[in-house]
Structures are given as C-alpha cells and as structure tokens.
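Shown next: start26.cif, containing mmCIF, C-alpha atoms.
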data_coords
loop_
_atom_site.label_atom_id
_atom_site.label_comp_id
_atom_site.auth_asym_id
_atom_site.auth_seq_id
_atom_site.Cartn_x
_atom_site.Cartn_y
_atom_site.Cartn_z
CA MET A 94 -36.68 104.56 29.45
CA ALA A 95 -34.33 102.02 27.92
CA ASP A 96 -31.88 100.03 29.99
CA ASP A 97 -28.43 101.48 29.30
CA ALA A 98 -26.76 98.07 29.17
CA THR A 99 -29.11 96.39 26.69
CA GLY A 100 -30.76 99.26 24.85
CA LEU A 101 -34.10 97.59 25.59
CA LEU A 102 -37.05 99.12 27.40
CA ASP A 103 -37.09 98.53 31.14
CA SER A 104 -39.57 95.71 31.73
CA ILE A 105 -41.07 93.40 34.31
CA GLU A 106 -40.64 89.73 33.40
CA ILE A 107 -42.70 86.85 34.76
CA GLU A 108 -42.04 83.26 33.71
CA THR A 109 -44.71 80.70 34.46
CA GLY A 110 -42.14 77.91 34.69
CA PRO A 111 -38.63 76.89 33.66
CA THR A 112 -37.51 77.18 30.03
CA PRO A 113 -40.36 79.18 28.48
CA GLY A 114 -41.42 78.09 25.01
CA ALA A 115 -43.43 81.23 24.20
CA SER A 116 -43.41 84.94 25.00
CA ILE A 117 -46.14 87.51 25.44
CA ILE A 118 -45.14 91.19 25.35
CA TRP A 119 -47.94 93.15 27.06
CA LEU A 120 -48.10 96.96 26.77
CA HIS A 121 -49.85 99.20 29.29
CA GLY A 122 -51.99 102.25 28.61
CA LEU A 123 -51.31 105.98 28.89
CA GLY A 124 -49.96 107.09 32.26
CA ALA A 125 -49.58 103.56 33.61
CA SER A 126 -46.56 101.24 33.81
CA GLY A 127 -45.57 97.64 33.26
CA ASP A 128 -46.93 96.87 36.72
CA ASP A 129 -50.44 97.63 35.49
CA PHE A 130 -51.06 94.20 33.94
CA ALA A 131 -48.44 92.05 35.65
CA GLY A 132 -51.11 90.81 38.05
CA VAL A 133 -53.22 89.24 35.28
CA VAL A 134 -50.84 86.31 34.74
CA PRO A 135 -52.38 83.96 37.37
CA ALA A 136 -55.90 85.14 36.45
CA LEU A 137 -55.50 83.90 32.86
CA GLY A 138 -55.94 80.31 34.05
CA LEU A 139 -53.18 78.91 31.86
CA PRO A 140 -52.24 75.23 32.30
CA PRO A 141 -48.88 74.63 34.04
CA GLU A 142 -47.49 72.79 31.04
CA LEU A 143 -47.83 75.95 28.90
CA VAL A 144 -44.69 77.80 30.01
CA ILE A 145 -44.69 81.44 28.93
CA ARG A 146 -42.41 84.40 29.53
CA PHE A 147 -44.55 87.51 30.06
CA ILE A 148 -42.81 90.83 29.42
CA PHE A 149 -44.41 94.04 30.67
CA PRO A 150 -42.34 96.99 29.39
CA HIS A 151 -42.51 100.51 30.81
CA ALA A 152 -43.27 103.24 28.27
CA PRO A 153 -40.88 106.20 28.14
CA GLN A 154 -41.74 109.43 29.93
CA ARG A 155 -42.93 112.17 27.59
CA PRO A 156 -45.17 115.26 27.63
CA VAL A 157 -48.75 114.52 26.55
CA THR A 158 -50.54 117.40 24.83
CA ILE A 159 -54.08 116.36 25.74
CA ASN A 160 -53.03 116.35 29.40
CA ASN A 161 -51.73 119.93 29.26
CA GLY A 162 -48.21 118.78 28.44
CA LEU A 163 -47.85 116.81 31.66
CA VAL A 164 -44.91 114.38 31.49
CA MET A 165 -46.03 110.78 32.00
CA PRO A 166 -45.42 107.27 30.69
CA ALA A 167 -46.76 107.28 27.13
CA TRP A 168 -46.09 105.30 23.97
CA TYR A 169 -46.78 108.44 21.90
CA ASP A 170 -48.29 111.90 22.22
CA ILE A 171 -52.04 112.47 21.93
CA SER A 172 -53.11 115.92 20.82
CA ASN A 173 -56.89 115.60 21.11
CA ALA A 174 -59.72 113.28 22.14
CA LEU A 175 -60.40 112.19 18.56
CA PHE A 176 -57.17 110.13 18.57
CA ILE A 177 -57.04 109.64 14.80
CA ASP A 178 -56.65 113.38 14.06
CA GLY A 179 -53.14 114.83 14.26
CA GLU A 180 -51.54 111.50 15.14
CA ASP A 181 -48.00 111.44 16.49
CA GLU A 182 -46.42 109.38 13.73
CA VAL A 183 -42.87 109.92 15.01
CA GLY A 184 -43.78 108.71 18.50
CA ILE A 185 -45.80 105.75 17.22
CA ARG A 186 -42.98 104.58 14.99
CA ALA A 187 -40.37 105.03 17.73
CA SER A 188 -42.38 102.94 20.19
CA SER A 189 -43.02 100.30 17.54
CA GLN A 190 -39.29 100.07 16.96
CA ALA A 191 -38.69 99.69 20.70
CA ILE A 192 -41.18 96.80 20.83
CA GLY A 193 -39.54 95.31 17.76
CA ASN A 194 -36.29 95.31 19.73
CA LEU A 195 -38.01 93.33 22.49
CA ILE A 196 -39.28 90.83 19.92
CA ARG A 197 -35.78 90.40 18.49
CA ASN A 198 -34.45 89.86 21.98
CA GLU A 199 -36.93 87.02 22.46
CA LEU A 200 -35.80 85.50 19.17
CA ASP A 201 -32.22 85.69 20.43
CA ARG A 202 -33.35 83.88 23.59
CA GLY A 203 -34.59 80.98 21.47
CA ILE A 204 -38.32 81.73 21.16
CA ASP A 205 -39.86 80.96 17.75
CA SER A 206 -41.42 84.12 16.30
CA ARG A 207 -44.68 82.22 15.77
CA ARG A 208 -44.88 81.77 19.54
CA ILE A 209 -44.55 85.46 20.33
CA ILE A 210 -47.79 87.34 21.00
CA LEU A 211 -48.13 91.11 21.31
CA ALA A 212 -50.77 92.37 23.72
CA GLY A 213 -51.79 95.82 24.84
CA PHE A 214 -54.44 98.01 26.42
CA SER A 215 -55.50 101.38 24.98
CA GLN A 216 -52.31 103.12 23.76
CA GLY A 217 -50.46 99.86 24.30
CA GLY A 218 -52.97 98.02 22.14
CA ALA A 219 -52.51 100.59 19.37
CA ILE A 220 -48.75 99.98 19.38
CA ALA A 221 -49.28 96.21 19.47
CA LEU A 222 -51.39 96.48 16.30
CA PHE A 223 -49.03 98.89 14.54
CA CYS A 224 -45.95 96.82 15.31
CA GLY A 225 -47.47 93.36 14.88
CA LEU A 226 -49.19 93.86 11.54
CA ARG A 227 -46.00 95.30 10.07
CA TYR A 228 -43.48 92.92 11.64
CA PRO A 229 -41.25 91.16 9.05
CA GLN A 230 -41.44 87.71 10.68
CA SER A 231 -44.54 85.63 11.36
CA LEU A 232 -45.89 86.25 14.87
CA GLY A 233 -48.27 84.27 17.05
CA GLY A 234 -51.04 86.85 17.32
CA ILE A 235 -52.16 90.19 18.73
CA ILE A 236 -54.35 90.96 21.73
CA ALA A 237 -55.67 94.54 21.46
CA LEU A 238 -57.92 95.80 24.26
CA SER A 239 -60.00 99.00 24.35
CA THR A 240 -58.03 100.49 21.49
CA TYR A 241 -57.96 101.45 17.82
CA LEU A 242 -55.77 101.07 14.72
CA PRO A 243 -53.30 103.98 14.68
CA LEU A 244 -52.08 105.50 11.41
CA ALA A 245 -54.57 103.16 9.77
CA ARG A 246 -53.66 103.79 6.13
CA GLN A 247 -49.92 103.51 6.74
CA THR A 248 -50.32 100.46 8.97
CA LEU A 249 -52.30 98.54 6.36
CA ASP A 250 -50.10 99.74 3.48
CA GLU A 251 -47.00 98.57 5.36
CA SER A 252 -48.48 95.30 6.63
CA THR A 253 -46.35 92.28 5.83
CA ALA A 254 -47.40 89.26 3.81
CA VAL A 255 -46.08 86.85 6.45
CA ASN A 256 -48.55 88.27 8.96
CA GLN A 257 -51.49 88.65 6.58
CA ARG A 258 -53.36 85.86 8.41
CA LEU A 259 -52.25 86.95 11.88
CA ARG A 260 -54.98 86.24 14.41
CA VAL A 261 -56.20 89.22 16.40
CA PHE A 262 -58.18 89.25 19.65
CA LEU A 263 -60.05 92.58 19.81
CA ALA A 264 -62.08 93.55 22.88
CA HIS A 265 -63.83 96.74 23.89
CA GLY A 266 -66.08 98.06 26.62
CA THR A 267 -69.50 99.10 25.38
CA GLN A 268 -69.54 102.09 27.75
CA ASP A 269 -65.95 103.26 27.14
CA PRO A 270 -65.83 107.08 27.51
CA VAL A 271 -62.11 107.34 26.63
CA VAL A 272 -61.70 105.29 23.46
CA PRO A 273 -65.24 105.07 22.06
CA LEU A 274 -66.62 101.70 21.04
CA THR A 275 -67.02 103.05 17.50
CA LEU A 276 -63.22 103.22 17.14
CA GLY A 277 -62.93 99.58 18.15
CA GLU A 278 -65.67 98.66 15.70
CA GLN A 279 -63.91 100.59 12.93
CA THR A 280 -60.70 98.70 13.68
CA ARG A 281 -62.59 95.41 13.56
CA GLY A 282 -64.02 96.36 10.16
CA LEU A 283 -60.70 97.52 8.70
CA LEU A 284 -58.88 94.37 9.76
CA GLY A 285 -61.71 92.10 8.65
CA ASN A 286 -61.89 93.80 5.25
CA HIS A 287 -58.17 93.16 4.81
CA GLY A 288 -58.50 89.46 5.57
CA TYR A 289 -57.29 89.31 9.16
CA PRO A 290 -59.07 86.68 11.28
CA VAL A 291 -60.46 88.84 14.10
CA GLU A 292 -62.08 87.49 17.25
CA TRP A 293 -64.27 90.32 18.56
CA HIS A 294 -65.52 90.67 22.14
CA GLU A 295 -67.67 93.34 23.79
CA TYR A 296 -68.09 93.75 27.54
CA PRO A 297 -70.36 96.02 29.62
CA LEU A 298 -67.37 98.08 30.76
CA GLU A 299 -65.93 101.56 30.66
CA HIS A 300 -62.18 101.98 29.93
CA ASN A 301 -60.93 98.96 31.86
CA VAL A 302 -60.91 95.16 31.80
CA SER A 303 -62.96 92.54 33.60
CA ILE A 304 -62.43 89.04 34.98
CA GLU A 305 -64.57 87.67 32.15
CA GLU A 306 -62.35 89.42 29.60
CA ILE A 307 -59.17 88.07 31.19
CA HIS A 308 -60.67 84.58 31.16
CA ASP A 309 -61.50 84.91 27.44
CA ILE A 310 -57.96 86.10 26.75
CA GLY A 311 -56.60 83.06 28.61
CA VAL A 312 -58.69 80.71 26.47
CA TRP A 313 -57.49 82.46 23.30
CA ILE A 314 -53.85 82.22 24.38
CA GLN A 315 -54.19 78.50 25.07
CA HIS A 316 -55.75 77.96 21.66
CA LYS A 317 -52.92 79.87 19.97
CA LEU A 318 -50.01 78.32 21.84
CA ARG A 319 -51.13 74.79 22.61
#

Any chance you could give the structure as structure tokens?
Amino acid sequence: MADDATGLLDSIEIETGPTPGASIIWLHGLGASGDDFAGVVPALGLPPELVIRFIFPHAPQRPVTINNGLVMPAWYDISNALFIDGEDEVGIRASSQAIGNLIRNELDRGIDSRRIILAGFSQGGAIALFCGLRYPQSLGGIIALSTYLPLARQTLDESTAVNQRLRVFLAHGTQDPVVPLTLGEQTRGLLGNHGYPVEWHEYPLEHNVSIEEIHDIGVWIQHKLR
C-alpha cells in the first residue's frame, strides 16, 4: 500500500549514520514484508564511515493465484510453479514503477543515482532486476537473491544503455525447492550473454539466506560504494 501523503510505498528506513551518501532499496519475497530483511543491516559488517540509507518497502496486498487466490503481500501474481509461464506483466510493471518512484525520491533527497543499489529476495529480486536493468539513469548495482529474470525478453529488449555495465550480485541456494537453481543459472547466463558483469554465488541452502551469504553481500556493497 502506498502512503497517501507521498504516493510512495510504505517502507521501513534504517540509516547507518547521519547524512547518508548512498541508498539501498531492498525488496522482500512473496507473503513477507519490509521487516523480513531489516535485521540484516548490522550483519552486513559495513564500516561506520560508509553511511547508507536502507529502505525496505512493503509490497501491496493482492490475491495470489498459486496460493488459491489468498490475499497477501506480493509484488505480482504468480499463476503456477513454473514462474516464467503466464507471467503477470501488468503486476510486474506496476511494482517496477513503484520502485522507480522510490529511486526518484532518493534522487530528490540528494543521493547520486550511481550510489543507489536495488536488492531483493525471490519475487523482490525479480522486481529489482526488472526495474534496475531498465532504469533510465545509471544505478550502483543489483543484488538478486534466490530469484530469476522476469519477462526476460522484454526486460533485455528494454534494458537501457546507461546500465549496460551494471554490476549484478546473483546468489542461489543449491537445494532451493521454490525457485529452482536452474532458473538462477538461466538468469546468470542471460545476463552474462548480454554483457552484464555478474558475480555468481551458490550456497547449500533451500529458499532462504545464510550468514555466509549476508557476509558476501556486505563485501560486495563495500566494493561498490567505497
């Protein structure tokens, strides 16, 4: 749900110090909320001099077909377990636009676009990829966890030249029963074939994240924003 006053998605914000010089917009997975990843901030091990504003938006409530139409927080509808069949293009584009609004808000707050990173898990990672690769201004990077490239042909056809070298951190659990590892590997291949510098990580996990993964993300963030 968007905040009525700003038109932006309701979000949790955490600033690691005064006057942030970078922003990370981190999107949760299906059925979760912005609270889901807010606790990772101290676990990233970021140095105190790297002051970042973390934004954890809440997805809108919507019925999800694969869950018998149950209404839950979701970035878009999912009709079946294959994910890439019968994709909800309207929902994907609407959520991408909502995240684009958050990016523009960070620009208005004085953050350079090249110091804005999109991150997301599962559905959230799919939206991070869809929005980030197509964004009209140069971004700092994308962190996409346990996910896949949605609307792959359209995403790559609509990708922007300014983000053609956008760095992407892709990670996946080797035992993931929800979003199969093969979908992550396909995403890695598609992005690599189109010239994106992808850093790929596999972990002995199901559909979740580990301390090792969070540590690796922290190292990647420091490298990108130092």

Residues at most 10 Å from Asn173 of chain A, counting all atoms listed in the file, excluding those fewer than 6 positions away in the same chain, as a list in words?
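Counting all atoms listed in the file, the residues come to Val157, Thr158, Ile159, Asn160, Gly179 and Glu180 of chain A.
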
Matched chain/residue IDs from the PyMOL selection byres ((chain A and resi 222) around 9), as a compact mmCIF listing (two decimals) with C-alpha atoms, in the frame of the given file:
# COMPACT_ATOMS: atom_id res chain seq x y z
CA LEU A 211 -48.13 91.11 21.31
CA ALA A 212 -50.77 92.37 23.72
CA GLY A 213 -51.79 95.82 24.84
CA GLY A 217 -50.46 99.86 24.30
CA GLY A 218 -52.97 98.02 22.14
CA ALA A 219 -52.51 100.59 19.37
CA ILE A 220 -48.75 99.98 19.38
CA ALA A 221 -49.28 96.21 19.47
CA PHE A 223 -49.03 98.89 14.54
CA CYS A 224 -45.95 96.82 15.31
CA GLY A 225 -47.47 93.36 14.88
CA LEU A 226 -49.19 93.86 11.54
CA ARG A 227 -46.00 95.30 10.07
CA ILE A 235 -52.16 90.19 18.73
CA ILE A 236 -54.35 90.96 21.73
CA ALA A 237 -55.67 94.54 21.46
CA TYR A 241 -57.96 101.45 17.82
CA LEU A 242 -55.77 101.07 14.72
CA PRO A 243 -53.30 103.98 14.68
CA THR A 248 -50.32 100.46 8.97
CA VAL A 261 -56.20 89.22 16.40

Give me, as a short mmCIF file (atom, residue, chain, number, x, y, z; two decimals) with C-alpha atoms, keeping the file's coordinate frame, all polymer residues having an atom no more than 12 Å from His287 of chain A, counting all atoms listed in the file and skipping those fewer than 5 positions away in the same chain.
data_model
loop_
_atom_site.label_atom_id
_atom_site.label_comp_id
_atom_site.auth_asym_id
_atom_site.auth_seq_id
_atom_site.Cartn_x
_atom_site.Cartn_y
_atom_site.Cartn_z
CA LEU A 226 -49.19 93.86 11.54
CA ALA A 245 -54.57 103.16 9.77
CA ARG A 246 -53.66 103.79 6.13
CA THR A 248 -50.32 100.46 8.97
CA LEU A 249 -52.30 98.54 6.36
CA ASP A 250 -50.10 99.74 3.48
CA SER A 252 -48.48 95.30 6.63
CA THR A 253 -46.35 92.28 5.83
CA ALA A 254 -47.40 89.26 3.81
CA ASN A 256 -48.55 88.27 8.96
CA GLN A 257 -51.49 88.65 6.58
CA ARG A 258 -53.36 85.86 8.41
CA LEU A 259 -52.25 86.95 11.88
CA THR A 280 -60.70 98.70 13.68
CA ARG A 281 -62.59 95.41 13.56
CA GLY A 282 -64.02 96.36 10.16
#

Report the distance between atom CA of Asn198 of chain A and atom CA of Glu142 of chain A in Å, rounded to one decimal place.
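Going from atom CA of Asn198 of chain A over to atom CA of Glu142 of chain A, I get 23.3 Å.
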
Taking the file as shown, find all residues satisfying the PyMOL selection byres ((chain A and resi 149) around 10) and write them as a ChimeraX atom specification.
/A:102-107,117-121,126-131,146-148,150-152,212-213

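For the atom pair formed by atom CA of Gly114 of chain A and atom CA of Pro141 of chain A, the distance is 12.2 Å, given to one decimal.
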
From atom CA of Ser215 of chain A to atom CA of Gln268 of chain A the spacing works out at 14.3 Å

On this structure, which residues satisfy the PyMOL selection byres ((chain A and resi 294) around 10), written as a PyMOL selection string?
chain A and resi 238+262-267+291-293+295-296+306+309-310

Polymer residues at most 9 Å from Leu318 of chain A, all atoms listed in the file, same-chain spacing of 4 or more positions, as a list in words
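Those residues are Ala115, Leu143, Arg207, Arg208, Gly233, Trp313 and Ile314 of chain A.
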
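In terms of minimum interatomic distance to Arg202 of chain A, A:Thr112 ranks closest within A:Thr112, A:Asn301, A:Ile307, A:Gln154, counting all atoms listed in the file.
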
Looking at A:Asn286, A:Asn161, A:Ser231, A:Thr275, which one is nearest to Leu200 of chain A, with distances taken over only C-alpha atoms?
A:Ser231

Could you name the residues that touch Gln216 of chain A at 7 Å or less, counting only C-alpha atoms, but leaving out those on the same chain fewer than 4 positions away, as a ChimeraX atom specification?
/A:122-123,168,220,240

Point out the residue among A:Val134, A:Ile145, A:Val272, A:Leu284 with the least atom-to-atom distance to Phe214 of chain A, counting all atoms listed in the file.
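Going through A:Val134, A:Ile145, A:Val272, A:Leu284 one by one, the smallest distance to Phe214 of chain A is for A:Val272.
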
Build an axis-aligned box that encloses every atom of segment 283-292 of chain A listed in the file, pad it by 3 Å on each side, and report its centre and edge lengths in Å to one decimal, as JSON.
{"center_x": -59.7, "center_y": 92.1, "center_z": 11.0, "size_x": 10.8, "size_y": 16.8, "size_z": 18.4}

Determine the nearest neighbour of Arg155 of chain A from the options A:Ala136, A:Ala167, A:Val271, A:Leu283, counting only C-alpha atoms.
A:Ala167

When distances are computed from only C-alpha atoms, which of A:Glu108, A:Met165, A:Val255, A:Gln279 shows the smallest separation from Ala125 of chain A?
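Checking each candidate against Ala125 of chain A, we get A:Met165 as the closest.
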
Nearest-residue call for Gly110 of chain A, choices A:Gly277, A:Gly124, A:Pro153, A:Pro140, using all atoms listed in the file:
A:Pro140
